[in-house]
Each structure stands twice: as structure tokens, then as C-alpha cells.
file structure13.txt (compact mmCIF, C-alpha atoms)
# COMPACT_ATOMS: atom_id res chain seq x y z
CA MET A 1327 4.19 20.84 18.77
CA ILE A 1328 2.47 17.51 18.35
CA ALA A 1329 -0.85 19.31 18.06
CA ILE A 1330 0.42 21.69 15.39
CA SER A 1331 2.07 18.87 13.46
CA SER A 1332 -1.03 16.67 13.61
CA THR A 1333 -3.17 19.52 12.35
CA LEU A 1334 -0.77 20.16 9.51
CA ALA A 1335 -0.68 16.47 8.62
CA MET A 1336 -4.48 16.43 8.58
CA ILE A 1337 -4.70 19.48 6.36
CA LEU A 1338 -2.29 17.82 3.94
CA SER A 1339 -4.23 14.57 3.86
CA TYR A 1340 -7.44 16.56 3.35
CA LEU A 1341 -5.91 18.43 0.42
CA GLU A 1342 -4.80 15.11 -0.98
CA SER A 1343 -8.24 13.55 -0.63
CA MET A 1344 -9.61 16.36 -2.80
CA VAL A 1345 -7.24 15.58 -5.67
CA PRO A 1346 -7.96 12.07 -6.89
CA LEU A 1347 -4.66 10.59 -7.97
CA SER A 1348 -5.76 7.00 -8.24
CA PHE A 1349 -5.51 7.07 -12.00
CA ALA A 1350 -3.66 3.81 -12.59
CA VAL A 1351 -4.22 1.70 -9.52
CA PRO A 1352 -6.75 2.41 -6.80
CA GLY A 1353 -5.00 3.52 -3.67
CA ILE A 1354 -1.98 5.33 -5.08
CA LYS A 1355 -1.38 8.49 -3.16
CA ILE A 1356 1.53 10.83 -2.74
CA GLY A 1357 1.14 10.74 1.03
CA LEU A 1358 1.76 14.43 1.62
CA ALA A 1359 1.07 13.96 5.31
CA ASN A 1360 4.17 11.83 5.48
CA ILE A 1361 6.28 14.97 5.02
CA VAL A 1362 5.12 16.04 8.46
CA ILE A 1363 5.63 12.56 9.94
CA VAL A 1364 9.20 12.33 8.64
CA PHE A 1365 9.92 15.88 9.75
CA VAL A 1366 8.64 15.18 13.25
CA MET A 1367 10.57 11.93 13.40
CA TYR A 1368 13.83 13.73 12.64
CA ARG A 1369 13.18 16.91 14.61
CA LEU A 1370 11.28 15.67 17.67
CA GLY A 1371 11.66 11.90 17.76
CA ILE A 1372 10.05 8.60 16.85
CA LYS A 1373 7.46 8.52 19.63
CA GLN A 1374 6.25 11.97 18.67
CA ALA A 1375 6.00 10.88 15.03
CA ILE A 1376 3.88 7.89 16.04
CA ALA A 1377 1.62 10.18 18.08
CA VAL A 1378 1.21 12.62 15.18
CA SER A 1379 0.47 9.78 12.78
CA PHE A 1380 -2.28 8.30 14.92
CA ILE A 1381 -3.88 11.60 15.84
CA ARG A 1382 -4.03 12.39 12.15
CA LEU A 1383 -5.43 8.95 11.29
CA ILE A 1384 -8.20 9.06 13.82
CA TRP A 1385 -9.27 12.61 13.06
CA ALA A 1386 -9.03 12.10 9.31
CA ALA A 1387 -11.28 9.05 9.63
CA ILE A 1388 -13.79 10.95 11.78
CA ILE A 1389 -13.92 14.03 9.58
CA PHE A 1390 -13.62 12.83 6.00
CA GLY A 1391 -13.13 9.10 5.98
CA SER A 1392 -14.99 5.91 6.59
CA PHE A 1393 -14.28 2.82 8.63
CA ALA A 1394 -12.87 1.03 5.59
CA THR A 1395 -10.45 3.83 4.75
CA PHE A 1396 -9.44 3.94 8.42
CA VAL A 1397 -8.58 0.22 8.42
CA TYR A 1398 -6.55 0.62 5.23
CA SER A 1399 -4.65 3.66 6.37
CA ALA A 1400 -4.13 2.33 9.89
CA SER A 1401 -2.54 -0.90 8.70
CA GLY A 1402 -0.44 1.09 6.25
CA ALA A 1403 0.58 3.53 8.98
CA VAL A 1404 1.54 0.83 11.49
CA LEU A 1405 3.84 -0.94 9.02
CA SER A 1406 5.28 2.26 7.66
CA LEU A 1407 5.95 3.76 11.12
CA ALA A 1408 7.59 0.53 12.26
CA GLY A 1409 9.85 0.43 9.20
CA MET A 1410 10.71 4.13 9.33
CA GLY A 1411 11.36 3.96 13.07
CA ILE A 1412 13.74 1.04 12.70
CA LEU A 1413 15.64 2.66 9.84
CA LYS A 1414 15.79 5.93 11.75
CA LEU A 1415 17.19 4.14 14.83
CA THR A 1416 20.04 2.63 12.84
CA ASN A 1417 21.06 6.23 12.04
CA LYS A 1418 22.38 5.03 8.70
CA PHE A 1419 19.79 6.51 6.37
CA SER A 1420 18.78 10.02 5.41
CA THR A 1421 15.16 11.20 5.27
CA VAL A 1422 15.02 9.89 1.70
CA GLY A 1423 15.84 6.31 2.68
CA VAL A 1424 13.50 6.44 5.65
CA SER A 1425 10.60 7.84 3.67
CA VAL A 1426 11.12 5.38 0.80
CA ALA A 1427 10.79 2.55 3.31
CA GLY A 1428 7.76 4.30 4.76
CA GLY A 1429 6.10 4.79 1.38
CA ILE A 1430 6.53 1.18 0.32
CA LEU A 1431 5.52 -0.29 3.67
CA HIS A 1432 2.47 1.96 3.73
CA ASN A 1433 1.38 0.50 0.39
CA ALA A 1434 2.24 -3.02 1.57
CA GLY A 1435 0.12 -2.55 4.70
CA GLN A 1436 -2.84 -1.38 2.63
CA ILE A 1437 -2.49 -4.33 0.26
CA ILE A 1438 -2.42 -6.76 3.18
CA ALA A 1439 -5.50 -5.11 4.68
CA ALA A 1440 -7.27 -5.22 1.31
CA ALA A 1441 -6.35 -8.87 0.79
CA VAL A 1442 -7.72 -9.75 4.22
CA LEU A 1443 -10.89 -7.63 3.94
CA MET A 1444 -11.77 -8.76 0.43
CA GLY A 1445 -10.67 -12.31 1.13
CA THR A 1446 -8.65 -12.48 -2.05
CA ALA A 1447 -4.97 -13.01 -2.61
CA GLN A 1448 -5.26 -11.84 -6.21
CA ILE A 1449 -4.65 -8.30 -5.16
CA VAL A 1450 -0.96 -9.03 -4.59
CA TYR A 1451 -0.64 -8.57 -8.34
CA TYR A 1452 -0.65 -4.87 -7.56
CA MET A 1453 2.44 -5.23 -5.40
CA PRO A 1454 5.13 -4.52 -8.02
CA VAL A 1455 3.25 -1.41 -9.11
CA LEU A 1456 2.82 -0.27 -5.54
CA ILE A 1457 6.48 -0.90 -4.70
CA VAL A 1458 7.51 1.33 -7.57
CA SER A 1459 4.95 4.00 -6.71
CA GLY A 1460 5.94 3.86 -3.04
CA LEU A 1461 9.54 4.29 -4.10
CA ALA A 1462 8.78 7.29 -6.30
CA THR A 1463 6.59 9.05 -3.76
CA GLY A 1464 9.03 8.12 -0.98
CA VAL A 1465 11.90 9.85 -2.77
CA ILE A 1466 9.81 13.00 -3.34
CA ILE A 1467 8.56 13.07 0.25
CA GLY A 1468 12.07 12.35 1.56
CA VAL A 1469 13.62 15.23 -0.36
CA VAL A 1470 10.89 17.64 0.74
CA ALA A 1471 11.21 16.43 4.34
CA ALA A 1472 14.98 16.90 4.22
CA LEU A 1473 14.44 20.47 3.02
CA THR A 1474 11.94 21.23 5.79
CA VAL A 1475 14.25 19.75 8.43
CA LYS A 1476 17.03 21.95 7.10
CA LYS A 1477 15.11 25.17 6.41
CA ILE A 1478 12.70 25.37 9.34
CA PRO A 1479 14.74 26.85 12.19
CA LYS A 1480 14.83 24.93 15.45
CA SER A 1481 13.46 28.02 17.20
CA VAL A 1482 10.13 27.55 15.37
CA ILE A 1483 9.62 23.85 16.11
CA MET B 944 23.09 21.39 0.90
CA ILE B 945 25.56 19.20 2.72
CA ILE B 946 25.01 15.60 1.75
CA ASN B 947 26.10 13.01 4.23
CA ASN B 948 27.89 10.63 1.90
CA LYS B 949 27.53 7.54 4.00
CA LYS B 950 23.80 8.06 4.44
CA ALA B 951 23.34 8.92 0.78
CA ARG B 952 25.13 5.70 -0.15
CA ASN B 953 22.93 3.67 2.20
CA ASP B 954 19.87 5.34 0.69
CA ILE B 955 20.98 4.30 -2.77
CA VAL B 956 21.61 0.73 -1.58
CA LEU B 957 18.11 0.65 -0.08
CA ILE B 958 16.52 2.06 -3.22
CA SER B 959 18.39 -0.44 -5.41
CA ALA B 960 17.26 -3.30 -3.18
CA VAL B 961 13.69 -2.10 -3.49
CA ILE B 962 13.90 -1.87 -7.29
CA LEU B 963 15.32 -5.39 -7.33
CA LEU B 964 12.45 -6.59 -5.14
CA ALA B 965 9.93 -4.98 -7.49
CA LEU B 966 11.56 -6.64 -10.49
CA ILE B 967 11.67 -10.04 -8.78
CA SER B 968 8.03 -9.87 -7.76
CA PHE B 969 7.07 -8.65 -11.22
CA PHE B 970 8.82 -11.59 -12.86
CA ALA B 971 7.48 -14.05 -10.29
CA ILE B 972 3.98 -12.96 -11.25
CA TYR B 973 4.87 -12.86 -14.94
CA LEU B 974 6.21 -16.43 -14.88
CA ASN B 975 3.36 -17.78 -12.78
CA ARG B 976 0.59 -16.41 -14.93
CA THR B 977 -1.60 -18.96 -16.60
CA GLU B 978 -3.66 -18.77 -19.75
CA GLY B 979 -7.32 -18.32 -18.97
CA GLY B 980 -10.20 -20.30 -20.33
CA TYR B 981 -13.00 -17.74 -20.48
CA ALA B 982 -13.67 -14.08 -21.15
CA GLN B 983 -16.07 -12.71 -18.59
CA ILE B 984 -18.22 -9.75 -19.60
CA ILE B 985 -18.92 -7.42 -16.67
CA GLN B 986 -21.22 -4.46 -17.19
CA ASN B 987 -21.94 -1.95 -14.43
CA GLY B 988 -20.10 -4.32 -12.08
CA VAL B 989 -22.39 -7.27 -12.85
CA GLU B 990 -21.34 -10.29 -14.84
CA THR B 991 -23.60 -10.46 -17.88
CA ASP B 992 -21.96 -13.09 -20.05
CA VAL B 993 -19.06 -15.52 -20.40
CA TYR B 994 -17.40 -16.67 -23.63
CA PRO B 995 -14.91 -19.51 -23.98
CA LEU B 996 -11.56 -18.38 -25.37
CA ASP B 997 -11.07 -21.51 -27.47
CA LYS B 998 -13.99 -20.68 -29.77
CA GLU B 999 -13.69 -17.88 -32.29
CA ALA B 1000 -16.38 -15.28 -31.84
CA GLU B 1001 -17.29 -11.72 -32.75
CA ILE B 1002 -19.66 -10.11 -30.30
CA ASP B 1003 -21.18 -6.62 -30.16
CA ILE B 1004 -21.75 -5.73 -26.52
CA PRO B 1005 -24.38 -3.01 -26.18
CA SER B 1006 -24.05 -0.59 -23.27
CA ASP B 1007 -26.69 1.31 -21.30
CA ASN B 1008 -25.72 4.62 -22.88
CA GLY B 1009 -26.60 3.36 -26.38
CA GLY B 1010 -22.99 2.64 -27.28
CA TYR B 1011 -21.26 -0.63 -28.01
CA ASN B 1012 -17.93 -2.48 -27.82
CA ARG B 1013 -17.07 -5.09 -30.43
CA LEU B 1014 -15.26 -8.01 -28.84
CA ILE B 1015 -13.34 -10.49 -30.95
CA ILE B 1016 -12.16 -13.81 -29.59
CA LYS B 1017 -9.50 -15.46 -31.73
CA ASP B 1018 -6.48 -17.70 -31.09
CA GLY B 1019 -7.26 -17.84 -27.37
CA CYS B 1020 -7.15 -14.05 -27.01
CA ALA B 1021 -9.90 -11.53 -26.37
CA GLU B 1022 -9.67 -8.07 -27.91
CA ILE B 1023 -11.89 -5.04 -28.42
CA VAL B 1024 -11.58 -4.01 -32.06
CA SER B 1025 -14.02 -1.13 -32.24
CA ALA B 1026 -16.16 0.80 -29.80
CA SER B 1027 -18.40 3.82 -29.50
CA CYS B 1028 -16.45 5.34 -26.62
CA PRO B 1029 -14.67 8.63 -27.39
CA ASP B 1030 -11.23 7.73 -26.04
CA GLY B 1031 -10.87 4.24 -27.54
CA LEU B 1032 -8.74 3.17 -24.57
CA CYS B 1033 -10.37 -0.25 -24.57
CA ILE B 1034 -9.06 -0.80 -28.10
CA SER B 1035 -5.54 0.30 -27.25
CA GLN B 1036 -5.42 -2.12 -24.31
CA GLY B 1037 -4.97 -4.82 -26.94
CA LYS B 1038 -5.26 -8.56 -26.56
CA VAL B 1039 -5.69 -10.33 -23.23
CA LYS B 1040 -5.42 -14.03 -22.51
CA PHE B 1041 -3.91 -14.57 -19.07
CA ASN B 1042 -5.94 -15.12 -15.90
CA GLY B 1043 -6.77 -11.90 -14.14
CA GLU B 1044 -6.04 -9.72 -17.17
CA THR B 1045 -8.71 -7.16 -17.95
CA ILE B 1046 -9.84 -4.76 -20.62
CA VAL B 1047 -11.65 -1.80 -19.12
CA CYS B 1048 -13.89 0.67 -20.92
CA LEU B 1049 -14.91 3.37 -18.45
CA PRO B 1050 -17.31 5.34 -20.72
CA ASN B 1051 -19.37 2.20 -21.44
CA LYS B 1052 -18.89 0.79 -17.92
CA LEU B 1053 -17.56 -2.45 -19.38
CA VAL B 1054 -14.91 -4.81 -18.05
CA ILE B 1055 -13.69 -7.86 -19.95
CA LYS B 1056 -11.95 -10.18 -17.54
CA ILE B 1057 -10.06 -13.38 -18.25
CA VAL B 1058 -10.92 -16.17 -15.82
CA SER B 1059 -9.92 -19.80 -15.59
CA GLY B 1060 -13.40 -21.23 -15.26
CA THR B 1061 -17.04 -20.22 -15.29
CA ASP B 1062 -17.28 -20.69 -11.54
CA PRO B 1063 -18.62 -17.33 -10.35
CA ASP B 1064 -17.06 -17.27 -6.90
CA VAL B 1065 -13.45 -17.52 -8.07
CA ASP B 1066 -12.70 -13.86 -7.55
CA ILE B 1067 -14.82 -10.86 -6.91
CA ILE B 1068 -12.89 -7.62 -6.94
CA SER B 1069 -14.98 -4.55 -7.50
call {"tool": "encode", "arguments": {"input": "structure13.txt", "output": "C-alpha cells"}}
result
Amino acid sequence: MIAISSTLAMILSYLESMVPLSFAVPGIKIGLANIVIVFVMYRLGIKQAIAVSFIRLIWAAIIFGSFATFVYSASGAVLSLAGMGILKLTNKFSTVGVSVAGGILHNAGQIIAAAVLMGTAQIVYYMPVLIVSGLATGVIIGVVAALTVKKIPKSVI
Amino acid sequence: MIINNKKARNDIVLISAVILLALISFFAIYLNRTEGGYAQIIQNGVETDVYPLDKEAEIDIPSDNGGYNRLIIKDGCAEIVSASCPDGLCISQGKVKFNGETIVCLPNKLVIKIVSGTDPDVDIIS
């Protein structure tokens, strides 16, 4: 199951890398792969979601990324998984709340990595924009993830 | 679709908190912004010129593709008033005067950036 999910997450992030969406601010992405992560988190568990996330990260970096993109996405993924895992554990939020937290923390992680790598704090000016974009994409991803959790029968995964 | 009311309510609380956070950080940045002293001309990613904002000026900036952007500096603001680029987005970006603000013209590979001083190592974001 983890293997299938990781592959699916990778395909989604590949599709996304082919459609440049960074029109306003560099780095804005929908984060389609997060649909799979949230789904796995709700269907299989948090540990499995972490595994899927890192398998996807490493393979995505090897196949169509670079070291820089790996550092950005890894720091985003660590923060976002931590936040989503904690919210999921409280059992007080739906997939929408969890994925909103994930989307924003993913952006925050990337900003922090960028600020450290470029040695400039100026980049925090992007933060309000990225909070809003993380919110918007988080809601979309959360709704889609809720649908997949509901519609995909347990007998399949 | 059965909506778990308690979870939906918590989601909305979370989303509201996030919107509030975005607004607060936006205003924190808005209030902390400072008026810049110079307009930096960056072409193809390389700084080519710097003009002080306190001196009125009208400058035609030629670009590699044979085009131009006309920059006007007046009342401490920098503004592109006419340009050869087809979309004219650099004109519609209006006046800039605060540190870190930019006017970008992608067709002519031109960036006008407001900086506090002429010190070149203040910030390098490419």
C-alpha cells in the first residue's frame, strides 16, 4: 500500500512540475501529492503517511529534481507532516483542517529553507502571500482528500 | 456527505486563525516598511545603474532586444511611464517608493528595485 501510494504521490508531483503555476510568487504550488499524503494519514495512519512522503521526496529529487529543490521540499515536508500529524492526533479536525495546516506549514518550511540558503531575511515578505495560498490550496486538497477517503472503498486500500 | 459538525467548526476556527495571522503579518510588514533612497536598475539580473529618489529624473532604459522602458523619478517615487513591451505590465505596476518594492518588466528583462542605500551587498535575491 505504501508503495502504491508513494508512486501515486510521485506521479502527481511530476504532473505538477510540468505545469508551472508560479505565476505570482516563485514556489506556489497546489501540492497535488498532498492528496495522497492526507488520504494515507486518514486511511492507514500517520507513520505510513510519513513514509509515503519521504519515499516520494527522495525519488522525486532523484528523477526530476535537484539538490536545492530537495532541500526546499524536505524542510516543507517535515514541518507540514509534523503539523498535520499533531492535528490528526487531536482528532478534532477534518481532512480540510489538517491539510490547511499542512499547506501553510509546507510553505513556511520552504520560506525558512530559502531564508537560510540565501542568507536573507527579506524573503519573509512573501509570508502573508504564502499563508493565503497555503490556505487556499489546503482547502482544495482537504476537500478532495475527504472525497477520496469517503469514496475509495476500504477493500481497495 | 455527512459533515461532522464539531470537526467542521474546528476547521473553521483554524482557518479563521490562519486568516488573522496572515492579516497581522501583512500589517506588520506594511507598518514596518521604510521609504527607500535609491532606485536600482537591474537588467538581465545584473545591476546596471542606481538613481537617487530625491532627484527628479526621466531616464530611457534601453534593453537588449532593442526595446526601452521610460523611468520617471518624481516626488520620491519611481514609475515606468511608457515602454516598448507588448503587455505594459511594468506601467500598470505604478509607483514604487518603499524598500524592497519592485517594478518588473519580463519582456525587457528589467527590474527596478527600491533600496535604502547604494551598498551592493544589502540584498541579493535572484
call {"tool": "atom_distance", "arguments": {"input": "structure13.txt", "atom1": "CA of Tyr1340 in chain A", "atom2": "CA of Met1327 in chain A"}}
result
19.8 Å
call {"tool": "interface_residues", "arguments": {"input": "structure13.txt", "of": "chain A", "to": "chain B", "cutoff": "6 Å", "atoms": "all atoms listed in the file", "output": "PDB file with C-alpha atoms, keeping the file's coordinate frame"}}
result
ATOM      1  CA  LYS A1418      22.380   5.030   8.700  1.00  0.00           C
ATOM      2  CA  PHE A1419      19.790   6.510   6.370  1.00  0.00           C
ATOM      3  CA  SER A1420      18.780  10.020   5.410  1.00  0.00           C
ATOM      4  CA  GLY A1423      15.840   6.310   2.680  1.00  0.00           C
ATOM      5  CA  PRO A1454       5.130  -4.520  -8.020  1.00  0.00           C
TER       6      PRO A1454
END
call {"tool": "closest_residue", "arguments": {"input": "structure13.txt", "among": "B:Ala1021, B:Ala960, B:Ser1006, B:Val1054", "to": "Phe1041 in chain B", "atoms": "only C-alpha atoms"}}
result
B:Ala1021
call {"tool": "axis_aligned_box", "arguments": {"input": "structure13.txt", "around": "range 1033-1041 of chain B", "padding_each_side": "6 Å", "output": "JSON"}}
result
{"center_x": -7.1, "center_y": -7.1, "center_z": -23.6, "size_x": 18.5, "size_y": 26.9, "size_z": 21.0}
call {"tool": "atom_distance", "arguments": {"input": "structure13.txt", "atom1": "CA of Ser1059 in chain B", "atom2": "CA of Leu1032 in chain B"}}
result
24.7 Å
call {"tool": "residues_around", "arguments": {"input": "structure13.txt", "residues": "Val1424 in chain A", "least_positions_apart": "3", "cutoff": "7 Å", "atoms": "only C-alpha atoms", "output": "PyMOL selection string"}}
result
chain A and resi 1410+1413-1414+1419-1421+1427-1428
call {"tool": "atom_distance", "arguments": {"input": "structure13.txt", "atom1": "CA of Gly1019 in chain B", "atom2": "CA of Ile985 in chain B"}}
result
18.9 Å
call {"tool": "residues_around", "arguments": {"input": "structure13.txt", "residues": "range 1335-1339 of chain A", "least_positions_apart": "4", "cutoff": "10 Å", "atoms": "all atoms listed in the file", "output": "CSV table (one decimal) with C-alpha atoms, in the coordinates of the input"}}
result
chain,number,residue,atom,x,y,z
A,1329,ALA,CA,-0.8,19.3,18.1
A,1330,ILE,CA,0.4,21.7,15.4
A,1331,SER,CA,2.1,18.9,13.5
A,1343,SER,CA,-8.2,13.6,-0.6
A,1344,MET,CA,-9.6,16.4,-2.8
A,1355,LYS,CA,-1.4,8.5,-3.2
A,1356,ILE,CA,1.5,10.8,-2.7
A,1357,GLY,CA,1.1,10.7,1.0
A,1358,LEU,CA,1.8,14.4,1.6
A,1359,ALA,CA,1.1,14.0,5.3
A,1360,ASN,CA,4.2,11.8,5.5
A,1361,ILE,CA,6.3,15.0,5.0
A,1362,VAL,CA,5.1,16.0,8.5
A,1363,ILE,CA,5.6,12.6,9.9
A,1378,VAL,CA,1.2,12.6,15.2
A,1379,SER,CA,0.5,9.8,12.8
A,1381,ILE,CA,-3.9,11.6,15.8
A,1382,ARG,CA,-4.0,12.4,12.2
A,1383,LEU,CA,-5.4,9.0,11.3
A,1384,ILE,CA,-8.2,9.1,13.8
A,1385,TRP,CA,-9.3,12.6,13.1
A,1386,ALA,CA,-9.0,12.1,9.3
A,1389,ILE,CA,-13.9,14.0,9.6
A,1390,PHE,CA,-13.6,12.8,6.0
call {"tool": "residues_around", "arguments": {"input": "structure13.txt", "residues": "Val1039 in chain B", "least_positions_apart": "5", "cutoff": "10 Å", "atoms": "all atoms listed in the file", "output": "list in words"}}
result
Glu978, Gly979, Ala982, Ile1016, Gly1019, Cys1020, Ala1021, Glu1022, Ile1023, Glu1044, Thr1045, Ile1046, Ile1055, Lys1056 and Ile1057 of chain B
call {"tool": "residues_around", "arguments": {"input": "structure13.txt", "residues": "Phe1380 in chain A", "least_positions_apart": "6", "cutoff": "9 Å", "atoms": "all atoms listed in the file", "output": "PyMOL selection string"}}
result
chain A and resi 1332+1400+1403
call {"tool": "residues_around", "arguments": {"input": "structure13.txt", "residues": "Val1058 in chain B", "least_positions_apart": "2", "cutoff": "6 Å", "atoms": "only C-alpha atoms", "output": "list in words"}}
result
Gly979, Tyr981, Asn1042 and Gly1060 of chain B
call {"tool": "closest_residue", "arguments": {"input": "structure13.txt", "among": "B:Ile1015, B:Ala1000, B:Gln986, B:Gln1036", "to": "Pro1050 in chain B", "atoms": "all atoms listed in the file"}}
result
B:Gln986
